[in-house]
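S.K.: Pasting structure_6.cif below, which is mmCIF, C-alpha atoms.
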```
data_protein
#
loop_
_atom_site.group_PDB
_atom_site.id
_atom_site.type_symbol
_atom_site.label_atom_id
_atom_site.label_comp_id
_atom_site.auth_asym_id
_atom_site.auth_seq_id
_atom_site.Cartn_x
_atom_site.Cartn_y
_atom_site.Cartn_z
ATOM 1 C CA MET A 140 37.363 -45.094 35.240
ATOM 2 C CA VAL A 141 41.131 -44.962 34.698
ATOM 3 C CA GLU A 142 43.279 -46.554 37.398
ATOM 4 C CA HIS A 143 46.190 -44.265 38.301
ATOM 5 C CA THR A 144 49.512 -45.691 39.461
ATOM 6 C CA VAL A 145 50.869 -43.931 42.549
ATOM 7 C CA LEU A 146 54.572 -44.310 43.316
ATOM 8 C CA CYS A 147 54.920 -44.618 47.106
ATOM 9 C CA VAL A 148 58.428 -43.847 48.396
ATOM 10 C CA ASP A 149 59.214 -44.518 52.058
ATOM 11 C CA THR A 150 61.480 -46.471 54.380
ATOM 12 C CA ASP A 151 61.207 -50.242 54.759
ATOM 13 C CA ASP A 152 59.208 -49.708 57.940
ATOM 14 C CA GLY A 153 56.974 -46.967 56.594
ATOM 15 C CA VAL A 154 56.120 -48.053 53.044
ATOM 16 C CA PRO A 155 53.565 -50.772 53.978
ATOM 17 C CA ASP A 156 51.387 -48.247 55.823
ATOM 18 C CA LEU A 157 51.836 -45.730 53.012
ATOM 19 C CA ALA A 158 50.682 -48.195 50.362
ATOM 20 C CA ALA A 159 47.817 -49.345 52.596
ATOM 21 C CA ALA A 160 46.330 -45.838 52.431
ATOM 22 C CA PHE A 161 45.396 -46.527 48.783
ATOM 23 C CA GLU A 162 44.170 -50.124 49.096
ATOM 24 C CA ASP A 163 40.482 -49.213 49.307
ATOM 25 C CA ASP A 164 40.570 -46.700 46.450
ATOM 26 C CA PRO A 165 39.712 -48.433 43.137
ATOM 27 C CA ASP A 166 41.136 -45.523 41.124
ATOM 28 C CA LEU A 167 44.610 -45.539 42.715
ATOM 29 C CA SER A 168 47.116 -48.392 42.493
ATOM 30 C CA PRO A 169 50.240 -48.137 44.737
ATOM 31 C CA LEU A 170 53.730 -49.017 43.496
ATOM 32 C CA THR A 171 56.318 -49.038 46.294
ATOM 33 C CA CYS A 172 59.971 -47.978 46.534
ATOM 34 C CA THR A 173 62.207 -47.766 49.606
ATOM 35 C CA SER A 174 64.959 -45.439 48.349
ATOM 36 C CA VAL A 175 65.581 -42.381 46.199
ATOM 37 C CA ALA A 176 67.592 -44.521 43.783
ATOM 38 C CA ASP A 177 64.718 -46.939 43.251
ATOM 39 C CA ALA A 178 62.284 -44.055 42.778
ATOM 40 C CA VAL A 179 64.531 -42.432 40.162
ATOM 41 C CA GLU A 180 64.788 -45.715 38.273
ATOM 42 C CA VAL A 181 61.000 -46.023 38.180
ATOM 43 C CA LEU A 182 60.577 -42.431 36.985
ATOM 44 C CA GLU A 183 63.088 -43.043 34.201
ATOM 45 C CA THR A 184 61.295 -46.113 32.860
ATOM 46 C CA ASP A 185 57.662 -46.257 34.016
ATOM 47 C CA SER A 186 54.577 -44.091 33.837
ATOM 48 C CA VAL A 187 53.042 -42.995 37.138
ATOM 49 C CA ALA A 188 50.257 -40.530 37.784
ATOM 50 C CA CYS A 189 51.585 -39.244 41.116
ATOM 51 C CA VAL A 190 54.453 -39.677 43.578
ATOM 52 C CA VAL A 191 53.871 -39.791 47.337
ATOM 53 C CA THR A 192 57.117 -39.631 49.288
ATOM 54 C CA GLU A 193 58.447 -39.412 52.829
ATOM 55 C CA TYR A 194 61.005 -36.660 53.425
ATOM 56 C CA ASP A 195 63.652 -38.704 55.281
ATOM 57 C CA LEU A 196 64.800 -41.608 53.116
ATOM 58 C CA PRO A 197 67.748 -44.033 53.523
ATOM 59 C CA ASP A 198 69.792 -42.507 50.680
ATOM 60 C CA GLY A 199 68.532 -38.933 50.621
ATOM 61 C CA THR A 200 65.352 -36.914 51.039
ATOM 62 C CA GLY A 201 62.025 -36.321 49.389
ATOM 63 C CA LEU A 202 63.613 -33.270 47.731
ATOM 64 C CA ASP A 203 65.811 -35.639 45.744
ATOM 65 C CA VAL A 204 62.644 -37.313 44.503
ATOM 66 C CA VAL A 205 61.229 -33.894 43.568
ATOM 67 C CA ASP A 206 64.458 -33.178 41.652
ATOM 68 C CA ALA A 207 64.007 -36.449 39.769
ATOM 69 C CA LEU A 208 60.457 -35.454 38.916
ATOM 70 C CA ARG A 209 61.680 -32.141 37.530
ATOM 71 C CA GLU A 210 64.213 -33.919 35.333
ATOM 72 C CA HIS A 211 62.298 -36.980 34.174
ATOM 73 C CA ALA A 212 58.575 -36.291 34.584
ATOM 74 C CA SER A 213 57.943 -32.648 35.393
ATOM 75 C CA GLN A 214 54.199 -32.955 34.761
ATOM 76 C CA THR A 215 53.836 -35.695 37.378
ATOM 77 C CA PRO A 216 52.605 -34.256 40.700
ATOM 78 C CA CYS A 217 54.078 -35.125 44.091
ATOM 79 C CA VAL A 218 52.685 -35.328 47.621
ATOM 80 C CA LEU A 219 55.285 -34.856 50.355
ATOM 81 C CA TYR A 220 53.766 -37.064 53.055
ATOM 82 C CA THR A 221 55.955 -36.584 56.107
ATOM 83 C CA ASP A 222 56.213 -35.424 59.700
ATOM 84 C CA ALA A 223 59.183 -33.211 58.793
ATOM 85 C CA ASN A 224 58.641 -29.554 59.649
ATOM 86 C CA PRO A 225 57.735 -27.515 56.567
ATOM 87 C CA GLY A 226 60.205 -24.873 57.719
ATOM 88 C CA ASP A 227 63.033 -27.387 57.269
ATOM 89 C CA ILE A 228 62.103 -28.081 53.655
ATOM 90 C CA ASP A 229 63.593 -26.016 50.832
ATOM 91 C CA THR A 230 60.465 -25.141 48.870
ATOM 92 C CA SER A 231 62.539 -23.618 46.047
ATOM 93 C CA SER A 232 63.031 -27.223 44.959
ATOM 94 C CA PHE A 233 59.337 -27.296 44.085
ATOM 95 C CA GLU A 234 59.785 -24.933 41.126
ATOM 96 C CA ASN A 235 58.168 -26.284 37.925
ATOM 97 C CA VAL A 236 56.716 -29.286 39.801
ATOM 98 C CA ILE A 237 53.297 -29.604 41.434
ATOM 99 C CA VAL A 238 53.994 -30.491 45.077
ATOM 100 C CA GLU A 239 51.498 -30.824 47.932
ATOM 101 C CA TYR A 240 52.504 -31.137 51.609
ATOM 102 C CA LEU A 241 50.558 -33.352 54.004
ATOM 103 C CA ASN A 242 51.662 -33.893 57.607
ATOM 104 C CA ARG A 243 51.410 -37.612 58.242
ATOM 105 C CA ASP A 244 51.136 -37.042 62.027
ATOM 106 C CA LEU A 245 47.653 -35.559 61.625
ATOM 107 C CA PRO A 246 44.944 -37.848 63.061
ATOM 108 C CA ASP A 247 43.179 -38.226 59.708
ATOM 109 C CA ALA A 248 46.259 -38.050 57.492
ATOM 110 C CA ALA A 249 45.941 -41.559 56.062
ATOM 111 C CA ASP A 250 42.260 -40.978 55.247
ATOM 112 C CA ARG A 251 43.021 -37.636 53.588
ATOM 113 C CA LEU A 252 45.946 -38.931 51.540
ATOM 114 C CA GLY A 253 43.800 -40.536 48.849
ATOM 115 C CA PHE A 254 41.734 -37.381 48.427
ATOM 116 C CA VAL A 255 44.837 -35.158 48.222
ATOM 117 C CA THR A 256 46.473 -37.512 45.717
ATOM 118 C CA GLU A 257 43.442 -37.575 43.427
ATOM 119 C CA ASP A 258 43.223 -33.794 43.675
ATOM 120 C CA VAL A 259 46.815 -33.155 42.576
ATOM 121 C CA ILE A 260 46.431 -35.666 39.736
ATOM 122 C CA ALA A 261 43.361 -33.791 38.508
ATOM 123 C CA HIS A 262 45.092 -30.446 39.001
ATOM 124 C CA SER A 263 48.154 -31.508 37.022
ATOM 125 C CA ALA A 264 45.937 -32.662 34.156
ATOM 126 C CA GLN A 265 44.266 -29.253 34.063
ATOM 127 C CA VAL A 266 47.273 -26.939 34.211
ATOM 128 C CA GLY A 267 50.445 -28.909 33.673
ATOM 129 C CA PHE A 268 52.184 -28.524 30.329
ATOM 130 C CA LEU A 269 55.620 -27.478 29.213
ATOM 131 C CA VAL A 270 56.221 -24.260 27.286
ATOM 132 C CA PRO A 271 59.187 -23.266 25.114
ATOM 133 C CA ASP A 272 61.651 -20.659 26.352
ATOM 134 C CA ASP A 273 60.422 -18.177 23.731
ATOM 135 C CA GLU A 274 56.726 -18.646 24.579
ATOM 136 C CA ASP A 275 55.869 -14.918 24.754
ATOM 137 C CA SER A 276 57.551 -14.016 21.474
ATOM 138 C CA ARG A 277 56.229 -17.226 19.909
ATOM 139 C CA LEU A 278 52.655 -16.219 20.716
ATOM 140 C CA GLU A 279 53.304 -12.752 19.309
ATOM 141 C CA ALA A 280 54.583 -14.335 16.100
ATOM 142 C CA LEU A 281 51.464 -16.499 15.900
ATOM 143 C CA ASP A 282 49.206 -13.478 16.427
ATOM 144 C CA ALA A 283 50.833 -11.806 13.412
ATOM 145 C CA TYR A 284 49.033 -14.287 11.153
ATOM 146 C CA ASP A 285 45.418 -13.298 10.490
ATOM 147 C CA VAL A 286 44.323 -16.904 10.270
ATOM 148 C CA ASP A 287 40.604 -16.146 10.283
ATOM 149 C CA GLU A 288 41.062 -13.803 7.328
ATOM 150 C CA LEU A 289 43.314 -16.043 5.253
ATOM 151 C CA PRO A 290 41.902 -18.223 2.426
ATOM 152 C CA ILE A 291 43.847 -21.287 3.540
ATOM 153 C CA GLU A 292 41.149 -23.801 4.431
ATOM 154 C CA GLU A 293 40.917 -25.454 1.015
ATOM 155 C CA SER A 294 44.702 -25.503 0.545
ATOM 156 C CA PHE A 295 45.254 -27.090 3.941
ATOM 157 C CA ASP A 296 42.437 -29.586 3.415
ATOM 158 C CA ARG A 297 44.078 -30.700 0.184
ATOM 159 C CA LEU A 298 47.435 -30.900 1.956
ATOM 160 C CA THR A 299 46.172 -33.117 4.793
ATOM 161 C CA ASP A 300 44.373 -35.304 2.220
ATOM 162 C CA LEU A 301 47.700 -35.718 0.421
ATOM 163 C CA ILE A 302 49.602 -36.414 3.652
ATOM 164 C CA THR A 303 47.125 -39.068 4.749
ATOM 165 C CA SER A 304 47.341 -40.802 1.380
ATOM 166 C CA HIS A 305 51.121 -40.512 1.136
ATOM 167 C CA PHE A 306 51.753 -42.135 4.524
ATOM 168 C CA ASP A 307 48.670 -44.381 4.535
ATOM 169 C CA ALA A 308 47.821 -42.891 7.927
ATOM 170 C CA ALA A 309 44.501 -42.873 9.754
ATOM 171 C CA VAL A 310 44.596 -39.137 10.483
ATOM 172 C CA ALA A 311 46.653 -36.140 9.391
ATOM 173 C CA PHE A 312 46.180 -32.650 10.759
ATOM 174 C CA ILE A 313 47.658 -29.163 10.673
ATOM 175 C CA GLY A 314 47.398 -27.387 14.018
ATOM 176 C CA LEU A 315 48.391 -24.024 15.405
ATOM 177 C CA ILE A 316 49.503 -24.076 19.042
ATOM 178 C CA GLU A 317 47.970 -21.144 20.869
ATOM 179 C CA GLU A 318 48.290 -20.130 24.516
ATOM 180 C CA ASP A 319 45.929 -22.719 25.978
ATOM 181 C CA GLU A 320 44.969 -24.997 23.114
ATOM 182 C CA GLU A 321 45.910 -26.344 19.722
ATOM 183 C CA ASN A 322 43.462 -25.417 16.986
ATOM 184 C CA PHE A 323 43.291 -27.630 13.919
ATOM 185 C CA LEU A 324 43.167 -25.711 10.644
ATOM 186 C CA ALA A 325 42.683 -28.917 8.671
ATOM 187 C CA CYS A 326 42.126 -32.531 9.665
ATOM 188 C CA THR A 327 41.687 -35.524 7.388
ATOM 189 C CA GLY A 328 40.465 -38.784 8.879
ATOM 190 C CA ALA A 329 38.788 -37.316 11.959
ATOM 191 C CA ASP A 330 36.482 -34.485 12.959
ATOM 192 C CA TRP A 331 38.753 -32.691 15.433
ATOM 193 C CA ASP A 332 38.627 -28.936 16.031
ATOM 194 C CA SER A 333 40.964 -28.413 18.967
ATOM 195 C CA LEU A 334 42.683 -29.937 22.004
ATOM 196 C CA THR A 335 43.851 -28.306 25.184
ATOM 197 C CA ARG A 336 47.631 -27.957 25.306
ATOM 198 C CA GLU A 337 47.974 -30.229 28.301
ATOM 199 C CA ASP A 338 46.278 -32.999 26.311
ATOM 200 C CA THR A 339 47.962 -32.649 22.930
ATOM 201 C CA ILE A 340 51.210 -34.458 22.154
ATOM 202 C CA CYS A 341 52.227 -31.431 20.092
ATOM 203 C CA THR A 342 52.936 -29.591 23.352
ATOM 204 C CA HIS A 343 55.961 -31.891 23.660
ATOM 205 C CA SER A 344 56.747 -32.249 19.975
ATOM 206 C CA MET A 345 57.143 -28.493 19.480
ATOM 207 C CA LEU A 346 59.977 -28.451 22.034
ATOM 208 C CA GLN A 347 62.349 -30.420 19.817
ATOM 209 C CA GLU A 348 63.801 -29.497 16.447
ATOM 210 C CA GLU A 349 63.508 -32.908 14.844
ATOM 211 C CA VAL A 350 60.322 -34.759 13.964
ATOM 212 C CA MET A 351 58.957 -36.389 17.099
ATOM 213 C CA VAL A 352 57.672 -39.960 16.847
ATOM 214 C CA VAL A 353 55.726 -41.808 19.533
ATOM 215 C CA GLU A 354 55.320 -45.365 18.297
ATOM 216 C CA ASP A 355 52.899 -46.377 21.066
ATOM 217 C CA ILE A 356 51.563 -43.867 23.583
ATOM 218 C CA THR A 357 50.692 -46.673 26.005
ATOM 219 C CA GLU A 358 54.447 -47.309 26.338
ATOM 220 C CA ASP A 359 55.326 -43.634 26.839
ATOM 221 C CA LYS A 360 55.110 -42.342 30.425
ATOM 222 C CA ARG A 361 54.191 -38.845 29.197
ATOM 223 C CA PHE A 362 50.985 -40.003 27.511
ATOM 224 C CA ALA A 363 50.026 -43.414 28.874
ATOM 225 C CA GLU A 364 47.609 -41.897 31.409
ATOM 226 C CA ASN A 365 46.100 -39.327 29.015
ATOM 227 C CA GLN A 366 42.441 -40.296 28.799
ATOM 228 C CA GLN A 367 41.683 -37.694 26.120
ATOM 229 C CA LEU A 368 44.166 -39.294 23.722
ATOM 230 C CA ARG A 369 42.684 -42.714 24.430
ATOM 231 C CA ASP A 370 39.165 -41.443 23.782
ATOM 232 C CA LEU A 371 40.304 -40.160 20.373
ATOM 233 C CA GLY A 372 41.815 -43.531 19.521
ATOM 234 C CA ILE A 373 45.333 -42.146 19.264
ATOM 235 C CA VAL A 374 47.986 -44.842 19.592
ATOM 236 C CA SER A 375 50.898 -43.661 17.437
ATOM 237 C CA TYR A 376 51.996 -40.120 16.566
ATOM 238 C CA ALA A 377 54.484 -38.252 14.415
ATOM 239 C CA GLY A 378 54.752 -34.452 14.445
ATOM 240 C CA ALA A 379 56.847 -31.921 12.529
ATOM 241 C CA ASN A 380 57.259 -28.257 13.416
ATOM 242 C CA MET A 381 55.848 -25.343 11.456
ATOM 243 C CA THR A 382 58.505 -22.701 12.068
ATOM 244 C CA THR A 383 58.358 -19.024 11.122
ATOM 245 C CA PRO A 384 61.248 -17.369 9.255
ATOM 246 C CA GLU A 385 62.265 -15.871 12.626
ATOM 247 C CA GLY A 386 62.559 -19.340 14.172
ATOM 248 C CA HIS A 387 59.339 -19.528 16.234
ATOM 249 C CA THR A 388 57.399 -22.793 16.251
ATOM 250 C CA ILE A 389 53.747 -21.880 15.863
ATOM 251 C CA GLY A 390 52.230 -25.156 14.790
ATOM 252 C CA GLN A 391 52.592 -28.776 13.803
ATOM 253 C CA VAL A 392 51.834 -31.091 10.912
ATOM 254 C CA CYS A 393 51.035 -34.491 12.392
ATOM 255 C CA LEU A 394 50.233 -38.096 11.601
ATOM 256 C CA ILE A 395 48.046 -40.282 13.810
ATOM 257 C CA ASP A 396 47.353 -43.995 13.719
ATOM 258 C CA HIS A 397 45.139 -46.221 15.819
ATOM 259 C CA GLU A 398 47.820 -48.876 16.247
ATOM 260 C CA PRO A 399 51.558 -48.810 17.077
ATOM 261 C CA ARG A 400 53.659 -47.551 14.196
ATOM 262 C CA SER A 401 57.210 -46.426 13.490
ATOM 263 C CA TYR A 402 58.513 -44.005 10.845
ATOM 264 C CA SER A 403 61.795 -44.343 8.970
ATOM 265 C CA PRO A 404 64.248 -41.422 8.797
ATOM 266 C CA GLU A 405 63.150 -40.897 5.185
ATOM 267 C CA GLU A 406 59.487 -40.722 6.202
ATOM 268 C CA GLN A 407 60.300 -38.292 8.991
ATOM 269 C CA ALA A 408 62.157 -36.069 6.509
ATOM 270 C CA GLU A 409 59.142 -36.164 4.195
ATOM 271 C CA LEU A 410 56.818 -35.175 7.029
ATOM 272 C CA GLN A 411 59.088 -32.226 7.809
ATOM 273 C CA GLN A 412 58.882 -31.176 4.161
ATOM 274 C CA PHE A 413 55.086 -31.214 4.381
ATOM 275 C CA ALA A 414 55.310 -29.005 7.498
ATOM 276 C CA GLU A 415 57.532 -26.569 5.611
ATOM 277 C CA THR A 416 55.016 -26.550 2.764
ATOM 278 C CA ALA A 417 52.219 -25.719 5.204
ATOM 279 C CA MET A 418 54.292 -22.873 6.614
ATOM 280 C CA GLU A 419 55.039 -21.572 3.121
ATOM 281 C CA ILE A 420 51.311 -21.540 2.296
ATOM 282 C CA LEU A 421 50.605 -19.629 5.504
ATOM 283 C CA GLU A 422 53.397 -17.144 4.754
ATOM 284 C CA LEU A 423 52.245 -16.621 1.179
ATOM 285 C CA ARG A 424 48.625 -16.064 2.119
ATOM 286 C CA GLN A 425 49.610 -13.600 4.864
ATOM 287 C CA SER A 426 51.899 -11.702 2.469
ATOM 288 C CA LEU A 427 49.092 -11.398 -0.074
ATOM 289 C CA LEU A 428 46.676 -10.201 2.635
ATOM 290 C CA ASN A 429 49.222 -7.612 3.802
ATOM 291 C CA ALA A 430 49.748 -6.450 0.221
ATOM 292 C CA VAL A 431 46.022 -6.013 -0.319
ATOM 293 C CA GLY A 432 45.749 -4.079 2.934
ATOM 294 C CA THR A 433 48.641 -1.806 1.986
ATOM 295 C CA GLY A 434 47.110 -1.193 -1.438
ATOM 296 C CA ALA A 435 43.781 -0.295 0.089
ATOM 297 C CA LYS A 436 45.409 2.252 2.399
ATOM 298 C CA ALA A 437 47.330 3.784 -0.517
#
```
Let's see the structure in the file written out as structure tokens.

M.R.:
Amino acid sequence: MVEHTVLCVDTDDGVPDLAAAFEDDPDLSPLTCTSVADAVEVLETDSVACVVTEYDLPDGTGLDVVDALREHASQTPCVLYTDANPGDIDTSSFENVIVEYLNRDLPDAADRLGFVTEDVIAHSAQVGFLVPDDEDSRLEALDAYDVDELPIEESFDRLTDLITSHFDAAVAFIGLIEEDEENFLACTGADWDSLTREDTICTHSMLQEEVMVVEDITEDKRFAENQQLRDLGIVSYAGANMTTPEGHTIGQVCLIDHEPRSYSPEEQAELQQFAETAMEILELRQSLLNAVGTGAKA
């Protein structure tokens, strides 16, 4: 069972009781802060599975903590554990962040807090992942490729074999990022077919133009608590975008190792070239399929 760190944010007087609510739960480990500033510093540097915060804090409110979550760790859920009236709380601040409200004046509030916290952690793991601004048009662009009809399997298998050898990596794969999952078209070094988007690192990698490198996922707050990645033995990652001629990122070419690893700028540029090669193969095969279809209609 994975132990989840819970960031408890409250006043000097209130934080001991807040942390005590998790003492008997072997799956939840409290980490305490007594100000918004301290909470923000933790969110900037450490990995936590959930934040539980009072509304009234010495240097601000629980909404400031929610704002910090949105900026630094938007997939991390929050429990607003307070006696503040819900009508006095601006719920528009909760946009893009999973937030649960629990009135701490309820007779069984402390007993319920652990259950609510575990529930929002599980919920965030099931539904929480970032999407690019062009998600709808990106999915339309992906649908334009008749992947099941394209003779690309052997070409992509050869390409991932070459990538693995070139970088001396444990695993190399080519994946297309669909609405809810990433499907691997080729994978050398492992027998992986797909991952849900909330579990795959490519969900984050596709959001940046440059090659994304994670030298050690255990040191990265976005992935340190991801049990699926641990089960697959993923420790280091490098991913390059497969981008259509119209500028939509539809997939990734990635390197995986089972130990921490860095990649030089030259190696990152080479990985991007492999991603462009994969995209060119996909484009060529689709063009040939379209040409055959047009010829058949004629």

S.K.: Tell me which of A:Pro165, A:Pro225, A:Pro290, A:Pro271 sits closest to Ile420 (chain A), counting only C-alpha atoms.

M.R.: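 When distances to Ile420 (chain A) are compared using only C-alpha atoms, the smallest one comes from A:Pro290.
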
S.K.: Could you check which of A:His387, A:Ala308, A:Ala188, A:Ile237 is closest to Glu274 (chain A), using only C-alpha atoms?

M.R.: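 Using only C-alpha atoms, the shortest distance to Glu274 (chain A) belongs to A:His387.
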
S.K.: Between A:Ile316, A:Val392, A:Ala309, A:Cys341, which one has atoms that come closest to Arg277 (chain A), using all atoms listed in the file?

M.R.: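 With all atoms listed in the file as the atom set, the closest residue is A:Ile316.
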
S.K.: Could you tell me which of A:Ala363, A:Ala160, A:Glu318, A:Phe312 comes closest to Glu142 (chain A) if we count all atoms listed in the file?

M.R.: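 Result for the nearest residue to Glu142 (chain A): A:Ala363.
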
S.K.: List the residues matched by the PyMOL selection byres ((chain A and resi 193) around 7) in the displayed structure as a ChimeraX atom specification, ordered by chain and then by residue number.

M.R.: /A:148-149,192,194-196,201,219-221

S.K.: Which of these, A:Leu252, A:Phe161, A:Pro155, A:Ser186, has the shortest distance to Lys360 (chain A) once you count only C-alpha atoms?

M.R.: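 Ranking A:Leu252, A:Phe161, A:Pro155, A:Ser186 by distance to Lys360 (chain A), first place goes to A:Ser186.
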
S.K.: Taking into account all atoms listed in the file, which residue in the set A:Thr144, A:Asn224, A:Gln214, A:Ser294 is nearest to Arg424 (chain A)?

M.R.: A:Ser294

S.K.: Quick one: apply the PyMOL selection byres ((chain A and resi 354) around 6) to the file and drop the selected residues here as a CSV table (one decimal) with C-alpha atoms, keeping the file's coordinate frame.

M.R.:
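Okay, this is what ended up in part-v3.csv:
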```csv
chain,number,residue,atom,x,y,z
A,353,VAL,CA,55.7,-41.8,19.5
A,355,ASP,CA,52.9,-46.4,21.1
A,375,SER,CA,50.9,-43.7,17.4
A,399,PRO,CA,51.6,-48.8,17.1
A,400,ARG,CA,53.7,-47.6,14.2
A,401,SER,CA,57.2,-46.4,13.5
```

S.K.: Quick one: pull the distance between CA of Arg369 (chain A) and CA of His143 (chain A), Å, one decimal.

M.R.: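 Answer for the CA of Arg369 (chain A) to CA of His143 (chain A) separation: 14.4 Å.
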
S.K.: Write a file for region 274-294 of chain A of the given structure; include C-alpha atoms and format it as a PDB file, in the first residue's frame.

M.R.:
```pdb
ATOM      1  CA  GLU A 274      -7.780  19.332 -27.456  1.00  0.00           C
ATOM      2  CA  ASP A 275     -10.924  19.122 -29.631  1.00  0.00           C
ATOM      3  CA  SER A 276      -9.154  19.937 -32.887  1.00  0.00           C
ATOM      4  CA  ARG A 277      -6.207  17.770 -31.832  1.00  0.00           C
ATOM      5  CA  LEU A 278      -8.485  14.754 -31.447  1.00  0.00           C
ATOM      6  CA  GLU A 279     -10.051  15.492 -34.826  1.00  0.00           C
ATOM      7  CA  ALA A 280      -6.582  15.576 -36.374  1.00  0.00           C
ATOM      8  CA  LEU A 281      -5.756  12.239 -34.751  1.00  0.00           C
ATOM      9  CA  ASP A 282      -8.991  10.693 -36.036  1.00  0.00           C
ATOM     10  CA  ALA A 283      -7.970  11.645 -39.583  1.00  0.00           C
ATOM     11  CA  TYR A 284      -5.295   8.938 -39.465  1.00  0.00           C
ATOM     12  CA  ASP A 285      -6.696   5.470 -40.170  1.00  0.00           C
ATOM     13  CA  VAL A 286      -4.188   3.834 -37.873  1.00  0.00           C
ATOM     14  CA  ASP A 287      -5.850   0.422 -37.906  1.00  0.00           C
ATOM     15  CA  GLU A 288      -5.709   0.381 -41.703  1.00  0.00           C
ATOM     16  CA  LEU A 289      -2.140   1.605 -42.088  1.00  0.00           C
ATOM     17  CA  PRO A 290       0.762  -0.847 -42.640  1.00  0.00           C
ATOM     18  CA  ILE A 291       2.960   0.853 -40.052  1.00  0.00           C
ATOM     19  CA  GLU A 292       3.522  -1.832 -37.431  1.00  0.00           C
ATOM     20  CA  GLU A 293       6.725  -3.251 -38.909  1.00  0.00           C
ATOM     21  CA  SER A 294       8.149   0.202 -39.685  1.00  0.00           C
TER      22      SER A 294
END
```
